[in-house]
Amino acid sequence: MKHITIIEDDIGLNNGIVLALKREGFTFCQLYRLGDFRPSEPTDLIILDINLPDGNGFDFLRKLRRSSDVPVIILTANDLETDEVMGLELGADDYITKPFSLMVLRARIDKVLKKSVGTANNIYTDEKYSFDFDKMEFSVNDSPAELSKTEQKLLKLLIQNKGQTLAREFLVDRIWTDGAEYVDENALSVTVGRLRKKLNAAEHIQTVYGIGYAWRA
């Protein structure tokens, strides 16, 4: 199930998008200000207005792209060609002007999400790596890598949220789900270090100081 974050101060439009897309099986985080966005909370897509009460969507997108490649669809009343070009150059995946058809919005969302899929049937591949999480088969430059169950959990979370910074607290909660009351605070750092070494992925598994970790292509 894909999770969509909507940053739109028009409450009626914000709610209307949710009502129109809920039947498609999405879950939503509805925000009305840029300041309410939390980069450590994973999302599959951001629908972003440009003119918001506490700032400009272009500035938000410029800052976001320094640390995340999460798909972004700009949804705005700004219909100038220069604004559209700016949005796309800053890293938006699509640009839709108001008023718009909800049918068109659904189609654009489907297209962007299909384009951004990093895993298909729990398989991830690129020029260097091949990960099959169902078969628990992992390779680096065609050489097999043996990963522990904990390392596999960490890797899958990073790959599923490729380009996004995942908070340490989120990772600890998702990885160590055996009901243990206490998890050593160094356990995550140790697991990250081992995974980097086994996958030769120091440049891919990046530390975002004070927050957590992210997989960067």
# chains A, B, ... in the order shown; residues from 1 in each chain; ligands from 1

$ residues_around --residues "stretch 72-86 of chain A" --least-positions-apart "2" --cutoff "10 Å" --atoms "only C-alpha atoms" --output "PDB file with N, CA and C atoms, in the first residue's frame"
ATOM      1  N   ILE A   4       0.822   8.511   0.601  1.00  0.00           N
ATOM      2  CA  ILE A   4       0.939   9.807  -0.065  1.00  0.00           C
ATOM      3  C   ILE A   4       0.854  10.920   0.970  1.00  0.00           C
ATOM      4  N   THR A   5       1.792  11.855   0.894  1.00  0.00           N
ATOM      5  CA  THR A   5       1.770  13.048   1.734  1.00  0.00           C
ATOM      6  C   THR A   5       1.266  14.221   0.904  1.00  0.00           C
ATOM      7  N   ILE A   6       0.215  14.872   1.380  1.00  0.00           N
ATOM      8  CA  ILE A   6      -0.358  16.022   0.679  1.00  0.00           C
ATOM      9  C   ILE A   6      -0.026  17.277   1.475  1.00  0.00           C
ATOM     10  N   ILE A   7       0.660  18.233   0.838  1.00  0.00           N
ATOM     11  CA  ILE A   7       0.944  19.520   1.481  1.00  0.00           C
ATOM     12  C   ILE A   7       0.176  20.578   0.705  1.00  0.00           C
ATOM     13  N   GLU A   8      -1.009  20.894   1.185  1.00  0.00           N
ATOM     14  CA  GLU A   8      -1.953  21.786   0.492  1.00  0.00           C
ATOM     15  C   GLU A   8      -2.789  22.501   1.538  1.00  0.00           C
ATOM     16  N   ASP A  44       5.749   7.613   0.033  1.00  0.00           N
ATOM     17  CA  ASP A  44       6.028   7.162  -1.331  1.00  0.00           C
ATOM     18  C   ASP A  44       5.864   8.272  -2.356  1.00  0.00           C
ATOM     19  N   LEU A  45       5.152   9.333  -1.973  1.00  0.00           N
ATOM     20  CA  LEU A  45       4.892  10.426  -2.921  1.00  0.00           C
ATOM     21  C   LEU A  45       4.459  11.660  -2.150  1.00  0.00           C
ATOM     22  N   ILE A  46       4.895  12.822  -2.616  1.00  0.00           N
ATOM     23  CA  ILE A  46       4.459  14.099  -2.033  1.00  0.00           C
ATOM     24  C   ILE A  46       3.696  14.881  -3.098  1.00  0.00           C
ATOM     25  N   ILE A  47       2.488  15.310  -2.764  1.00  0.00           N
ATOM     26  CA  ILE A  47       1.738  16.244  -3.600  1.00  0.00           C
ATOM     27  C   ILE A  47       1.921  17.621  -2.972  1.00  0.00           C
ATOM     28  N   LEU A  48       2.515  18.532  -3.689  1.00  0.00           N
ATOM     29  CA  LEU A  48       2.999  19.783  -3.106  1.00  0.00           C
ATOM     30  C   LEU A  48       2.395  21.008  -3.768  1.00  0.00           C
ATOM     31  N   ASP A  49       1.768  21.866  -2.951  1.00  0.00           N
ATOM     32  CA  ASP A  49       1.328  23.173  -3.431  1.00  0.00           C
ATOM     33  C   ASP A  49       2.532  24.116  -3.389  1.00  0.00           C
ATOM     34  N   ILE A  50       2.479  25.188  -4.154  1.00  0.00           N
ATOM     35  CA  ILE A  50       3.597  26.131  -4.190  1.00  0.00           C
ATOM     36  C   ILE A  50       3.408  27.261  -3.197  1.00  0.00           C
ATOM     37  N   ASN A  51       2.205  27.839  -3.177  1.00  0.00           N
ATOM     38  CA  ASN A  51       1.940  28.983  -2.304  1.00  0.00           C
ATOM     39  C   ASN A  51       1.309  28.500  -1.008  1.00  0.00           C
ATOM     40  N   GLY A  57       6.770  26.578  -2.003  1.00  0.00           N
ATOM     41  CA  GLY A  57       6.997  25.176  -2.328  1.00  0.00           C
ATOM     42  C   GLY A  57       8.276  24.935  -3.105  1.00  0.00           C
ATOM     43  N   PHE A  58       8.689  25.904  -3.935  1.00  0.00           N
ATOM     44  CA  PHE A  58       9.939  25.757  -4.674  1.00  0.00           C
ATOM     45  C   PHE A  58      11.135  25.673  -3.715  1.00  0.00           C
ATOM     46  N   LEU A  61      11.114  22.296  -2.118  1.00  0.00           N
ATOM     47  CA  LEU A  61      11.574  21.255  -3.037  1.00  0.00           C
ATOM     48  C   LEU A  61      13.087  21.313  -3.204  1.00  0.00           C
ATOM     49  N   LEU A  64      14.509  19.788  -0.143  1.00  0.00           N
ATOM     50  CA  LEU A  64      14.207  18.355  -0.084  1.00  0.00           C
ATOM     51  C   LEU A  64      15.155  17.562  -0.970  1.00  0.00           C
ATOM     52  N   ARG A  65      15.447  18.067  -2.160  1.00  0.00           N
ATOM     53  CA  ARG A  65      16.260  17.331  -3.121  1.00  0.00           C
ATOM     54  C   ARG A  65      17.724  17.198  -2.693  1.00  0.00           C
ATOM     55  N   ASP A  69      15.110  11.665  -2.835  1.00  0.00           N
ATOM     56  CA  ASP A  69      14.593  11.620  -4.205  1.00  0.00           C
ATOM     57  C   ASP A  69      13.169  11.075  -4.238  1.00  0.00           C
ATOM     58  N   VAL A  70      12.433  11.240  -3.118  1.00  0.00           N
ATOM     59  CA  VAL A  70      11.037  10.835  -3.075  1.00  0.00           C
ATOM     60  C   VAL A  70      10.268  11.566  -4.178  1.00  0.00           C
ATOM     61  N   LEU A  88      10.211  21.648 -12.516  1.00  0.00           N
ATOM     62  CA  LEU A  88      10.807  20.431 -13.074  1.00  0.00           C
ATOM     63  C   LEU A  88      12.330  20.449 -12.930  1.00  0.00           C
ATOM     64  N   GLU A  89      12.932  21.625 -13.099  1.00  0.00           N
ATOM     65  CA  GLU A  89      14.384  21.718 -12.959  1.00  0.00           C
ATOM     66  C   GLU A  89      14.829  21.504 -11.518  1.00  0.00           C
ATOM     67  N   LEU A  90      13.966  21.855 -10.570  1.00  0.00           N
ATOM     68  CA  LEU A  90      14.297  21.652  -9.156  1.00  0.00           C
ATOM     69  C   LEU A  90      14.124  20.202  -8.722  1.00  0.00           C
ATOM     70  N   GLY A  91      13.515  19.385  -9.592  1.00  0.00           N
ATOM     71  CA  GLY A  91      13.416  17.964  -9.272  1.00  0.00           C
ATOM     72  C   GLY A  91      12.015  17.429  -9.121  1.00  0.00           C
ATOM     73  N   ALA A  92      10.983  18.228  -9.459  1.00  0.00           N
ATOM     74  CA  ALA A  92       9.617  17.701  -9.418  1.00  0.00           C
ATOM     75  C   ALA A  92       9.450  16.637 -10.502  1.00  0.00           C
ATOM     76  N   ASP A  93       8.639  15.616 -10.218  1.00  0.00           N
ATOM     77  CA  ASP A  93       8.397  14.547 -11.186  1.00  0.00           C
ATOM     78  C   ASP A  93       7.240  14.877 -12.116  1.00  0.00           C
ATOM     79  N   ASP A  94       6.387  15.805 -11.699  1.00  0.00           N
ATOM     80  CA  ASP A  94       5.277  16.237 -12.544  1.00  0.00           C
ATOM     81  C   ASP A  94       4.788  17.582 -12.030  1.00  0.00           C
ATOM     82  N   TYR A  95       4.041  18.300 -12.877  1.00  0.00           N
ATOM     83  CA  TYR A  95       3.562  19.639 -12.550  1.00  0.00           C
ATOM     84  C   TYR A  95       2.138  19.757 -13.083  1.00  0.00           C
ATOM     85  N   ILE A  96       1.180  19.932 -12.178  1.00  0.00           N
ATOM     86  CA  ILE A  96      -0.233  20.000 -12.561  1.00  0.00           C
ATOM     87  C   ILE A  96      -0.798  21.344 -12.098  1.00  0.00           C
ATOM     88  N   THR A  97      -1.474  22.048 -13.000  1.00  0.00           N
ATOM     89  CA  THR A  97      -2.040  23.343 -12.641  1.00  0.00           C
ATOM     90  C   THR A  97      -3.526  23.213 -12.313  1.00  0.00           C
ATOM     91  N   LYS A  98      -3.979  24.052 -11.390  1.00  0.00           N
ATOM     92  CA  LYS A  98      -5.385  24.111 -11.002  1.00  0.00           C
ATOM     93  C   LYS A  98      -6.127  25.033 -11.964  1.00  0.00           C
ATOM     94  N   PRO A  99      -7.401  24.749 -12.277  1.00  0.00           N
ATOM     95  CA  PRO A  99      -8.166  23.558 -11.862  1.00  0.00           C
ATOM     96  C   PRO A  99      -7.723  22.342 -12.666  1.00  0.00           C
ATOM     97  N   PHE A 100      -7.987  21.168 -12.112  1.00  0.00           N
ATOM     98  CA  PHE A 100      -7.537  19.949 -12.754  1.00  0.00           C
ATOM     99  C   PHE A 100      -8.586  18.859 -12.561  1.00  0.00           C
ATOM    100  N   LEU A 105      -5.297  13.501 -12.270  1.00  0.00           N
ATOM    101  CA  LEU A 105      -4.405  13.399 -11.116  1.00  0.00           C
ATOM    102  C   LEU A 105      -4.110  11.937 -10.786  1.00  0.00           C
ATOM    103  N   ARG A 108      -1.679  10.584 -13.319  1.00  0.00           N
ATOM    104  CA  ARG A 108      -0.328  11.123 -13.136  1.00  0.00           C
ATOM    105  C   ARG A 108       0.345  10.462 -11.932  1.00  0.00           C
ATOM    106  N   ILE A 109      -0.413  10.254 -10.859  1.00  0.00           N
ATOM    107  CA  ILE A 109       0.131   9.599  -9.665  1.00  0.00           C
ATOM    108  C   ILE A 109       0.567   8.173  -9.996  1.00  0.00           C
ATOM    109  N   VAL A 112       3.837   8.289 -11.994  1.00  0.00           N
ATOM    110  CA  VAL A 112       5.010   8.648 -11.193  1.00  0.00           C
ATOM    111  C   VAL A 112       5.418   7.507 -10.267  1.00  0.00           C
ATOM    112  N   LEU A 113       4.428   6.860  -9.643  1.00  0.00           N
ATOM    113  CA  LEU A 113       4.740   5.772  -8.719  1.00  0.00           C
ATOM    114  C   LEU A 113       5.337   4.575  -9.454  1.00  0.00           C
TER     115      LEU A 113
END

$ residues_around --residues "stretch 154-165 of chain A" --least-positions-apart "4" --cutoff "6 Å" --atoms "only C-alpha atoms" --output "VMD selection string"
chain A and resid 40 68 to 69 213 to 216

$ select_by_dssp --residues "stretch 172-216 of chain A" --states "alpha helix (DSSP H)" --output "list of chain:residue names"
A:Val172, A:Asp173, A:Arg174, A:Ile175, A:Ala187, A:Leu188, A:Ser189, A:Val190, A:Thr191, A:Val192, A:Gly193, A:Arg194, A:Leu195, A:Arg196, A:Lys197, A:Lys198, A:Leu199

$ residues_around --residues "A:Asp9" --least-positions-apart "3" --cutoff "8 Å" --atoms "only C-alpha atoms" --output "PyMOL selection string"
chain A and resi 14+31-33+49+52-53

$ write_last_selection --atoms "C-alpha atoms" --output "short mmCIF file (atom, residue, chain, number, x, y, z; two decimals), in the first residue's frame"
data_model
loop_
_atom_site.label_atom_id
_atom_site.label_comp_id
_atom_site.auth_asym_id
_atom_site.auth_seq_id
_atom_site.Cartn_x
_atom_site.Cartn_y
_atom_site.Cartn_z
CA ASN A 14 -6.82 18.51 0.46
CA LEU A 31 -0.55 18.63 5.90
CA TYR A 32 -1.47 22.28 5.50
CA ARG A 33 1.90 23.93 6.19
CA ASP A 49 1.33 23.17 -3.43
CA LEU A 52 1.65 27.96 1.34
CA PRO A 53 1.09 30.03 4.51
#

$ closest_residue --among "A:Leu166, A:Leu199, A:Val172, A:Met1" --to "A:Ser130" --atoms "only C-alpha atoms"
A:Leu199

$ decode --residues "stretch 174-214 of chain A" --atoms "N, CA and C atoms" --output "tab-separated table (two decimals), in the first residue's frame"
chain	number	residue	atom	x	y	z
A	174	ARG	N	11.28	-0.96	13.83
A	174	ARG	CA	10.87	-1.87	12.76
A	174	ARG	C	11.75	-3.12	12.67
A	175	ILE	N	13.00	-3.01	13.05
A	175	ILE	CA	13.92	-4.14	12.92
A	175	ILE	C	13.83	-5.09	14.10
A	176	TRP	N	13.84	-4.53	15.29
A	176	TRP	CA	13.80	-5.36	16.49
A	176	TRP	C	12.37	-5.42	17.01
A	177	THR	N	11.58	-6.27	16.39
A	177	THR	CA	10.14	-6.36	16.69
A	177	THR	C	9.81	-7.63	17.46
A	178	ASP	N	10.78	-8.13	18.21
A	178	ASP	CA	10.55	-9.38	18.94
A	178	ASP	C	10.05	-9.16	20.35
A	179	GLY	N	9.66	-7.91	20.64
A	179	GLY	CA	9.11	-7.62	21.95
A	179	GLY	C	10.17	-7.35	23.00
A	180	ALA	N	11.42	-7.26	22.59
A	180	ALA	CA	12.48	-7.00	23.56
A	180	ALA	C	12.27	-5.64	24.19
A	181	GLU	N	12.39	-5.58	25.50
A	181	GLU	CA	12.18	-4.32	26.20
A	181	GLU	C	13.39	-3.39	26.05
A	182	TYR	N	14.55	-3.99	25.82
A	182	TYR	CA	15.75	-3.17	25.73
A	182	TYR	C	16.58	-3.57	24.52
A	183	VAL	N	16.94	-2.58	23.73
A	183	VAL	CA	17.83	-2.81	22.60
A	183	VAL	C	19.03	-1.91	22.80
A	184	ASP	N	20.23	-2.49	22.80
A	184	ASP	CA	21.45	-1.71	22.99
A	184	ASP	C	21.49	-0.59	21.97
A	185	GLU	N	21.81	0.62	22.42
A	185	GLU	CA	21.78	1.78	21.53
A	185	GLU	C	22.80	1.69	20.40
A	186	ASN	N	23.80	0.82	20.57
A	186	ASN	CA	24.80	0.66	19.52
A	186	ASN	C	24.42	-0.42	18.50
A	187	ALA	N	23.32	-1.16	18.77
A	187	ALA	CA	22.97	-2.28	17.90
A	187	ALA	C	22.74	-1.83	16.46
A	188	LEU	N	22.05	-0.72	16.28
A	188	LEU	CA	21.78	-0.24	14.92
A	188	LEU	C	23.06	0.19	14.23
A	189	SER	N	23.91	0.92	14.94
A	189	SER	CA	25.17	1.38	14.35
A	189	SER	C	26.04	0.20	13.93
A	190	VAL	N	26.07	-0.84	14.76
A	190	VAL	CA	26.86	-2.03	14.45
A	190	VAL	C	26.30	-2.72	13.20
A	191	THR	N	24.97	-2.85	13.14
A	191	THR	CA	24.33	-3.50	11.99
A	191	THR	C	24.58	-2.71	10.70
A	192	VAL	N	24.49	-1.39	10.78
A	192	VAL	CA	24.77	-0.55	9.62
A	192	VAL	C	26.21	-0.74	9.15
A	193	GLY	N	27.15	-0.77	10.10
A	193	GLY	CA	28.55	-0.94	9.76
A	193	GLY	C	28.81	-2.27	9.07
A	194	ARG	N	28.21	-3.34	9.57
A	194	ARG	CA	28.40	-4.65	8.95
A	194	ARG	C	27.80	-4.71	7.56
A	195	LEU	N	26.61	-4.11	7.40
A	195	LEU	CA	25.94	-4.12	6.10
A	195	LEU	C	26.76	-3.34	5.07
A	196	ARG	N	27.27	-2.19	5.47
A	196	ARG	CA	28.12	-1.40	4.57
A	196	ARG	C	29.32	-2.23	4.10
A	197	LYS	N	29.94	-2.93	5.04
A	197	LYS	CA	31.15	-3.69	4.70
A	197	LYS	C	30.82	-4.85	3.77
A	198	LYS	N	29.75	-5.60	4.08
A	198	LYS	CA	29.40	-6.76	3.27
A	198	LYS	C	28.99	-6.38	1.86
A	199	LEU	N	28.35	-5.21	1.71
A	199	LEU	CA	27.85	-4.79	0.41
A	199	LEU	C	28.77	-3.78	-0.27
A	200	ASN	N	29.88	-3.44	0.39
A	200	ASN	CA	30.77	-2.40	-0.14
A	200	ASN	C	29.94	-1.16	-0.48
A	201	ALA	N	29.16	-0.72	0.50
A	201	ALA	CA	28.12	0.29	0.23
A	201	ALA	C	28.29	1.54	1.09
A	202	ALA	N	29.54	1.91	1.37
A	202	ALA	CA	29.76	3.10	2.20
A	202	ALA	C	29.18	4.35	1.55
A	203	GLU	N	29.21	4.40	0.20
A	203	GLU	CA	28.69	5.58	-0.48
A	203	GLU	C	27.18	5.52	-0.68
A	204	HIS	N	26.59	4.35	-0.45
A	204	HIS	CA	25.15	4.19	-0.66
A	204	HIS	C	24.37	4.28	0.65
A	205	ILE	N	24.87	3.65	1.71
A	205	ILE	CA	24.21	3.73	3.02
A	205	ILE	C	24.81	4.91	3.75
A	206	GLN	N	24.12	6.04	3.70
A	206	GLN	CA	24.66	7.28	4.21
A	206	GLN	C	24.09	7.62	5.58
A	207	THR	N	24.94	8.15	6.43
A	207	THR	CA	24.52	8.63	7.74
A	207	THR	C	24.05	10.07	7.63
A	208	VAL	N	22.86	10.34	8.10
A	208	VAL	CA	22.36	11.72	8.19
A	208	VAL	C	22.44	12.09	9.66
A	209	TYR	N	23.46	12.80	10.03
A	209	TYR	CA	23.79	13.02	11.42
A	209	TYR	C	22.64	13.69	12.18
A	210	GLY	N	22.36	13.12	13.34
A	210	GLY	CA	21.30	13.63	14.19
A	210	GLY	C	19.93	13.09	13.83
A	211	ILE	N	19.83	12.34	12.72
A	211	ILE	CA	18.53	11.80	12.29
A	211	ILE	C	18.58	10.29	12.12
A	212	GLY	N	19.34	9.82	11.14
A	212	GLY	CA	19.34	8.37	10.90
A	212	GLY	C	20.16	8.02	9.69
A	213	TYR	N	19.57	7.18	8.80
A	213	TYR	CA	20.29	6.65	7.65
A	213	TYR	C	19.42	6.70	6.39
A	214	ALA	N	20.10	6.67	5.24
A	214	ALA	CA	19.38	6.69	3.96
A	214	ALA	C	20.18	5.91	2.93
